[in-house]
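Enquirer: As input, take run.pdb (PDB, C-alpha atoms):
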```pdb
ATOM      1  CA  MET A   1     111.913 163.770  74.569
ATOM      2  CA  ALA A   2     109.203 166.246  73.582
ATOM      3  CA  SER A   3     108.645 164.443  70.284
ATOM      4  CA  LYS A   4     108.283 161.103  72.084
ATOM      5  CA  LEU A   5     105.708 162.606  74.409
ATOM      6  CA  LEU A   6     103.807 164.054  71.462
ATOM      7  CA  ILE A   7     103.776 160.703  69.679
ATOM      8  CA  ALA A   8     102.576 158.956  72.837
ATOM      9  CA  PHE A   9      99.843 161.544  73.253
ATOM     10  CA  LEU A  10      98.685 161.157  69.658
ATOM     11  CA  LEU A  11      98.667 157.366  69.882
ATOM     12  CA  GLY A  12      96.684 157.588  73.083
ATOM     13  CA  ALA A  13      94.193 159.947  71.475
ATOM     14  CA  ILE A  14      93.761 157.601  68.503
ATOM     15  CA  SER A  15      93.294 154.646  70.839
ATOM     16  CA  MET A  16      90.646 156.481  72.854
ATOM     17  CA  THR A  17      88.849 157.474  69.656
ATOM     18  CA  VAL A  18      88.640 153.876  68.470
ATOM     19  CA  VAL A  19      87.491 152.591  71.854
ATOM     20  CA  SER A  20      84.875 155.325  72.135
ATOM     21  CA  ALA A  21      83.626 154.796  68.578
ATOM     22  CA  GLN A  22      83.159 151.050  68.990
ATOM     23  CA  ASN A  23      82.278 150.725  72.654
ATOM     24  CA  PHE A  24      79.705 147.989  72.046
ATOM     25  CA  ASP A  25      79.670 144.230  71.494
ATOM     26  CA  PHE A  26      77.563 143.541  68.400
ATOM     27  CA  PHE A  27      74.865 144.935  66.129
ATOM     28  CA  TYR A  28      71.220 144.016  65.831
ATOM     29  CA  PHE A  29      70.314 144.254  62.158
ATOM     30  CA  VAL A  30      66.539 144.650  62.360
ATOM     31  CA  GLN A  31      64.112 144.044  59.505
ATOM     32  CA  GLN A  32      60.330 144.433  59.613
ATOM     33  CA  TRP A  33      57.417 142.962  57.696
ATOM     34  CA  PRO A  34      55.434 145.906  56.240
ATOM     35  CA  GLY A  35      52.140 144.040  56.455
ATOM     36  CA  SER A  36      52.494 143.779  60.243
ATOM     37  CA  TYR A  37      53.486 147.414  60.625
ATOM     38  CA  CYS A  38      50.384 148.395  58.679
ATOM     39  CA  ASP A  39      47.990 145.876  60.211
ATOM     40  CA  THR A  40      47.481 147.733  63.486
ATOM     41  CA  ASP A  41      44.964 150.257  64.786
ATOM     42  CA  SER A  42      47.262 153.045  63.561
ATOM     43  CA  GLY A  43      47.638 151.774  60.017
ATOM     44  CA  CYS A  44      50.506 153.150  57.952
ATOM     45  CA  CYS A  45      51.391 155.647  55.261
ATOM     46  CA  PHE A  46      53.489 154.787  52.243
ATOM     47  CA  PRO A  47      56.596 156.925  51.645
ATOM     48  CA  LEU A  48      56.471 159.526  48.881
ATOM     49  CA  SER A  49      58.939 157.426  46.890
ATOM     50  CA  GLY A  50      56.304 154.679  46.523
ATOM     51  CA  SER A  51      54.938 151.687  48.384
ATOM     52  CA  PRO A  52      57.428 149.069  49.630
ATOM     53  CA  GLY A  53      57.438 145.695  47.941
ATOM     54  CA  ALA A  54      56.168 142.534  49.585
ATOM     55  CA  GLN A  55      59.382 141.715  51.389
ATOM     56  CA  PHE A  56      60.977 142.481  54.730
ATOM     57  CA  GLY A  57      62.376 146.020  54.862
ATOM     58  CA  ILE A  58      65.152 147.566  56.925
ATOM     59  CA  HIS A  59      64.371 149.111  60.293
ATOM     60  CA  GLY A  60      67.902 149.714  61.500
ATOM     61  CA  LEU A  61      71.422 148.611  62.393
ATOM     62  CA  TRP A  62      71.739 149.009  66.155
ATOM     63  CA  PRO A  63      74.883 148.733  68.326
ATOM     64  CA  ASN A  64      74.206 146.600  71.402
ATOM     65  CA  TYR A  65      75.873 145.230  74.510
ATOM     66  CA  ASN A  66      76.014 141.562  75.479
ATOM     67  CA  ASP A  67      73.951 142.320  78.605
ATOM     68  CA  GLY A  68      71.010 143.529  76.501
ATOM     69  CA  GLY A  69      71.669 147.247  76.855
ATOM     70  CA  TYR A  70      72.786 149.572  74.093
ATOM     71  CA  PRO A  71      74.547 152.894  73.505
ATOM     72  CA  SER A  72      72.607 155.716  71.882
ATOM     73  CA  ASP A  73      72.960 159.324  70.701
ATOM     74  CA  CYS A  74      76.753 159.273  70.706
ATOM     75  CA  GLY A  75      77.160 162.687  69.092
ATOM     76  CA  GLY A  76      79.414 163.611  66.208
ATOM     77  CA  ASP A  77      78.229 164.514  62.723
ATOM     78  CA  SER A  78      74.599 165.509  62.245
ATOM     79  CA  PHE A  79      72.512 163.692  59.656
ATOM     80  CA  ASP A  80      73.129 164.998  56.149
ATOM     81  CA  PRO A  81      70.899 163.532  53.399
ATOM     82  CA  LYS A  82      73.353 164.699  50.724
ATOM     83  CA  VAL A  83      75.813 162.077  51.977
ATOM     84  CA  LEU A  84      73.366 159.383  50.820
ATOM     85  CA  SER A  85      73.145 160.536  47.211
ATOM     86  CA  ASP A  86      74.938 157.437  45.891
ATOM     87  CA  VAL A  87      72.599 155.037  47.731
ATOM     88  CA  LEU A  88      69.358 157.008  47.651
ATOM     89  CA  VAL A  89      67.600 154.651  45.228
ATOM     90  CA  ASP A  90      68.401 151.672  47.467
ATOM     91  CA  MET A  91      67.432 153.599  50.602
ATOM     92  CA  ASN A  92      64.034 154.452  49.161
ATOM     93  CA  ARG A  93      63.437 150.877  48.041
ATOM     94  CA  GLU A  94      64.696 149.002  51.107
ATOM     95  CA  TRP A  95      64.513 151.485  53.985
ATOM     96  CA  GLY A  96      61.424 153.645  53.478
ATOM     97  CA  SER A  97      59.361 155.016  56.350
ATOM     98  CA  LEU A  98      55.844 153.657  56.877
ATOM     99  CA  ALA A  99      55.008 156.208  59.572
ATOM    100  CA  CYS A 100      52.214 158.725  59.002
ATOM    101  CA  PRO A 101      52.012 161.198  57.419
ATOM    102  CA  SER A 102      53.714 160.132  54.190
ATOM    103  CA  SER A 103      57.233 161.516  53.886
ATOM    104  CA  ASN A 104      60.477 161.271  51.959
ATOM    105  CA  SER A 105      61.821 159.069  54.819
ATOM    106  CA  GLU A 106      64.595 161.508  55.747
ATOM    107  CA  SER A 107      63.227 161.973  59.274
ATOM    108  CA  PHE A 108      63.337 158.184  59.756
ATOM    109  CA  TRP A 109      66.904 157.961  58.476
ATOM    110  CA  SER A 110      67.951 160.921  60.599
ATOM    111  CA  HIS A 111      66.569 159.205  63.703
ATOM    112  CA  GLU A 112      68.401 155.964  62.904
ATOM    113  CA  TRP A 113      71.695 157.793  62.345
ATOM    114  CA  THR A 114      71.410 160.054  65.396
ATOM    115  CA  LYS A 115      70.334 157.362  67.855
ATOM    116  CA  HIS A 116      72.246 154.354  66.535
ATOM    117  CA  GLY A 117      74.606 155.236  63.694
ATOM    118  CA  THR A 118      76.580 157.771  65.710
ATOM    119  CA  CYS A 119      77.557 154.930  68.053
ATOM    120  CA  SER A 120      78.613 152.540  65.259
ATOM    121  CA  GLY A 121      82.148 153.791  64.602
ATOM    122  CA  PHE A 122      81.222 154.277  60.924
ATOM    123  CA  SER A 123      80.844 157.397  58.866
ATOM    124  CA  GLN A 124      77.265 158.167  57.900
ATOM    125  CA  ASN A 125      77.653 156.829  54.375
ATOM    126  CA  ALA A 126      79.448 153.690  55.568
ATOM    127  CA  TYR A 127      76.800 153.053  58.223
ATOM    128  CA  PHE A 128      73.887 153.042  55.804
ATOM    129  CA  LYS A 129      75.867 151.086  53.216
ATOM    130  CA  ALA A 130      76.669 148.405  55.808
ATOM    131  CA  ALA A 131      72.960 147.869  56.453
ATOM    132  CA  LEU A 132      72.132 147.831  52.738
ATOM    133  CA  ASN A 133      74.914 145.314  52.046
ATOM    134  CA  LEU A 134      73.615 143.012  54.771
ATOM    135  CA  TYR A 135      70.099 143.325  53.416
ATOM    136  CA  ASN A 136      71.138 142.436  49.886
ATOM    137  CA  GLN A 137      73.243 139.504  51.054
ATOM    138  CA  TYR A 138      70.501 137.664  52.968
ATOM    139  CA  ASP A 139      67.018 137.184  51.491
ATOM    140  CA  LEU A 140      64.842 136.465  54.524
ATOM    141  CA  THR A 141      61.573 136.676  52.587
ATOM    142  CA  GLY A 142      62.864 134.150  50.055
ATOM    143  CA  GLY A 143      64.136 131.882  52.815
ATOM    144  CA  LEU A 144      60.687 131.733  54.381
ATOM    145  CA  ALA A 145      59.034 131.064  51.031
ATOM    146  CA  ALA A 146      61.449 128.190  50.373
ATOM    147  CA  ALA A 147      60.261 126.631  53.641
ATOM    148  CA  GLY A 148      56.584 127.046  52.691
ATOM    149  CA  ILE A 149      56.089 130.023  55.019
ATOM    150  CA  ASN A 150      54.226 132.716  53.112
ATOM    151  CA  PRO A 151      52.384 135.977  53.943
ATOM    152  CA  ASP A 152      48.964 134.447  53.407
ATOM    153  CA  GLY A 153      47.353 135.170  56.760
ATOM    154  CA  SER A 154      48.067 131.665  58.060
ATOM    155  CA  GLN A 155      49.488 130.722  61.444
ATOM    156  CA  TYR A 156      53.093 129.524  61.597
ATOM    157  CA  ASN A 157      55.261 128.249  64.429
ATOM    158  CA  VAL A 158      57.900 130.767  65.495
ATOM    159  CA  GLU A 159      60.588 128.092  65.702
ATOM    160  CA  ASP A 160      59.841 127.050  62.118
ATOM    161  CA  ILE A 161      60.244 130.698  61.088
ATOM    162  CA  ARG A 162      63.557 130.977  62.934
ATOM    163  CA  ASN A 163      64.862 127.737  61.430
ATOM    164  CA  ALA A 164      63.912 128.830  57.919
ATOM    165  CA  MET A 165      65.795 132.081  58.414
ATOM    166  CA  GLN A 166      68.759 130.208  59.896
ATOM    167  CA  SER A 167      69.068 128.356  56.580
ATOM    168  CA  VAL A 168      69.704 131.753  54.966
ATOM    169  CA  LEU A 169      71.721 133.451  57.719
ATOM    170  CA  GLY A 170      73.696 130.545  59.138
ATOM    171  CA  GLN A 171      72.559 131.636  62.618
ATOM    172  CA  LEU A 172      69.260 131.803  64.468
ATOM    173  CA  PRO A 173      67.672 135.267  64.577
ATOM    174  CA  GLY A 174      65.403 136.755  67.211
ATOM    175  CA  ILE A 175      61.727 137.166  66.311
ATOM    176  CA  GLN A 176      59.475 139.973  67.538
ATOM    177  CA  CYS A 177      55.703 140.116  67.113
ATOM    178  CA  ASN A 178      53.089 142.832  67.341
ATOM    179  CA  LYS A 179      49.284 142.651  67.437
ATOM    180  CA  ASP A 180      46.761 143.264  64.691
ATOM    181  CA  GLN A 181      43.501 145.160  65.186
ATOM    182  CA  SER A 182      41.882 142.036  66.632
ATOM    183  CA  GLY A 183      44.676 141.458  69.136
ATOM    184  CA  ASN A 184      46.228 138.504  67.306
ATOM    185  CA  LEU A 185      49.998 138.047  67.400
ATOM    186  CA  GLN A 186      51.669 138.512  64.027
ATOM    187  CA  LEU A 187      55.218 138.202  62.704
ATOM    188  CA  TYR A 188      56.689 141.698  62.829
ATOM    189  CA  GLN A 189      60.475 142.094  63.176
ATOM    190  CA  VAL A 190      63.569 139.952  62.758
ATOM    191  CA  TYR A 191      66.725 140.619  64.814
ATOM    192  CA  VAL A 192      69.903 139.398  63.102
ATOM    193  CA  CYS A 193      73.093 139.585  65.152
ATOM    194  CA  VAL A 194      76.149 141.014  63.384
ATOM    195  CA  ALA A 195      79.745 141.499  64.512
ATOM    196  CA  THR A 196      81.092 145.000  65.115
ATOM    197  CA  ASP A 197      82.575 144.965  61.595
ATOM    198  CA  GLY A 198      79.011 145.435  60.331
ATOM    199  CA  GLN A 199      79.413 142.507  57.941
ATOM    200  CA  THR A 200      79.611 139.163  59.721
ATOM    201  CA  VAL A 201      76.458 137.428  60.955
ATOM    202  CA  ILE A 202      77.143 135.836  64.330
ATOM    203  CA  GLN A 203      75.381 133.759  66.971
ATOM    204  CA  CYS A 204      73.312 136.149  69.051
ATOM    205  CA  PRO A 205      74.861 136.839  72.469
ATOM    206  CA  VAL A 206      71.379 137.794  73.666
ATOM    207  CA  PHE A 207      67.948 137.867  72.055
ATOM    208  CA  PRO A 208      65.416 140.689  72.449
ATOM    209  CA  ASN A 209      63.516 140.574  75.740
ATOM    210  CA  ASN A 210      60.155 140.624  73.980
ATOM    211  CA  GLU A 211      60.741 137.679  71.677
ATOM    212  CA  CYS A 212      57.514 135.958  70.694
ATOM    213  CA  LYS A 213      56.841 132.246  71.037
ATOM    214  CA  GLY A 214      54.376 129.683  69.791
ATOM    215  CA  SER A 215      52.198 130.275  66.758
ATOM    216  CA  VAL A 216      51.904 133.619  64.957
ATOM    217  CA  GLU A 217      50.141 134.989  61.910
ATOM    218  CA  PHE A 218      52.122 135.989  58.817
ATOM    219  CA  PRO A 219      49.751 138.689  57.491
ATOM    220  CA  VAL A 220      48.967 139.437  53.881
ATOM    221  CA  TYR A 221      50.527 142.597  52.493
ATOM    222  CA  GLN A 222      49.356 144.408  49.370
ATOM    223  CA  SER A 223      51.918 146.973  48.312
ATOM    224  CA  ASN A 224      49.971 148.875  45.666
ATOM    225  CA  SER A 225      46.199 148.450  45.548
ATOM    226  CA  ALA A 226      45.562 148.761  49.291
ATOM    227  CA  ALA A 227      46.455 152.435  49.638
ATOM    228  CA  SER A 228      43.569 154.800  50.195
ATOM    229  CA  SER A 229      43.265 157.609  47.660
ATOM    230  CA  ASP A 230      43.073 160.473  50.130
ATOM    231  CA  ALA A 231      45.695 159.690  52.784
ATOM    232  CA  ASN A 232      47.775 156.884  51.290
ATOM    233  CA  VAL A 233      46.983 154.802  54.377
ATOM    234  CA  LEU A 234      46.958 151.020  54.392
ATOM    235  CA  ARG A 235      44.422 149.351  56.691
ATOM    236  CA  SER A 236      44.117 145.666  57.511
ATOM    237  CA  ASP A 237      40.463 145.503  56.464
ATOM    238  CA  LEU A 238      41.146 146.606  52.864
TER     239      LEU A 238
END
```
Can the structure from this file be put into structure tokens for me?
Expert:
Amino acid sequence: MASKLLIAFLLGAISMTVVSAQNFDFFYFVQQWPGSYCDTDSGCCFPLSGSPGAQFGIHGLWPNYNDGGYPSDCGGDSFDPKVLSDVLVDMNREWGSLACPSSNSESFWSHEWTKHGTCSGFSQNAYFKAALNLYNQYDLTGGLAAAGINPDGSQYNVEDIRNAMQSVLGQLPGIQCNKDQSGNLQLYQVYVCVATDGQTVIQCPVFPNNECKGSVEFPVYQSNSAASSDANVLRSDL
């Protein structure tokens, strides 16, 4: 009898662990256009590992609820950069921080793990690998270029942008804009909805509240020559 009770207790504990670890409905896999991050009053600073290329980069993989809310800071293991040793080259290339001052991006990655990754049900290494695998599987920058949508400073219709990305993803993403120094709307972030397995792109249960509409600018981005020599800051007027 005691052994049966112990087994029942252990099974219950395992069940609660799984439910707690994946108590969300889907992920937002968020990518950002570096030119739009940089083309603001604040500008940007390139990471110490080097300037990002002219393609969308990873912002994060965020657990979300179908009602638009999300879990955060779920506890567990603290961020440990040593765990990322086998993916560090990819992290620096695809997931570098553009915040000032220039850094090795570890503070950015720590924030993403602590706020979002701890709620994902994945280990730290598996969490970052899931985002990198998604990134490498779907070329959003190439999908836009194939549709004639290029970072040339021109205005493009948001629905045309979404449809071009749907041709790559198989599903419509959410589109978020920010404003340049002149107050013009520009293409900023893409929200791709992913199942809780961290692999499967799905139809979005809900799109971000601040989705942009109409026509937006796709700003030029210069990854190398636009950095200032003293602060490594990219400004939109360079």
Enquirer: Given the choices A:Gln137, A:Gln32, A:Asn66, A:Ser102, which gets closest to A:Pro208 if the distance is worked out from all atoms listed in the file?
Expert: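 Among A:Gln137, A:Gln32, A:Asn66, A:Ser102, it is A:Asn66 that comes nearest to A:Pro208.
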Enquirer: Pick the closest to A:Tyr156 from A:Ser215, A:Asn136, A:Ser105, A:Gln203: which is it, counting all atoms listed in the file?
Expert: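 The shortest atom-to-atom distance to A:Tyr156 comes from A:Ser215.
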Enquirer: Determine the nearest neighbour of A:Tyr135 from the options A:Phe108, A:Phe24, A:Phe207, A:Phe56, counting only C-alpha atoms.
Expert: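 For A:Tyr135, the nearest of the candidates is A:Phe56.
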Enquirer: What is the distance, in Å and to one decimal place, between atom CA of A:Gln186 and atom CA of A:Gly153?
Expert: 9.1 Å
Enquirer: Could you tell me which residues the PyMOL selection byres ((chain A and resi 75-78) around 12) returns for this structure, as a list in words?
Expert: Thr17, Ser20, Ala21, Pro71, Ser72, Asp73, Cys74, Phe79, Asp80, Pro81, Lys82, Val83, Trp109, Ser110, His111, Glu112, Trp113, Thr114, Lys115, His116, Gly117, Thr118, Cys119, Ser120, Gly121, Phe122, Ser123, Gln124 and Asn125 of chain A
Enquirer: Of the candidates A:Asn210, A:Ser49, A:Thr200, A:Ser223, which shows the shortest atom-to-atom distance to A:Cys177, using all atoms listed in the file?
Expert: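 With all atoms listed in the file as the atom set, the closest residue is A:Asn210.
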Enquirer: So, with all atoms listed in the file as the atoms that count, which of A:Leu140, A:Val158, A:Ile149, A:Cys38 lies closest to A:Tyr221?
Expert: A:Cys38
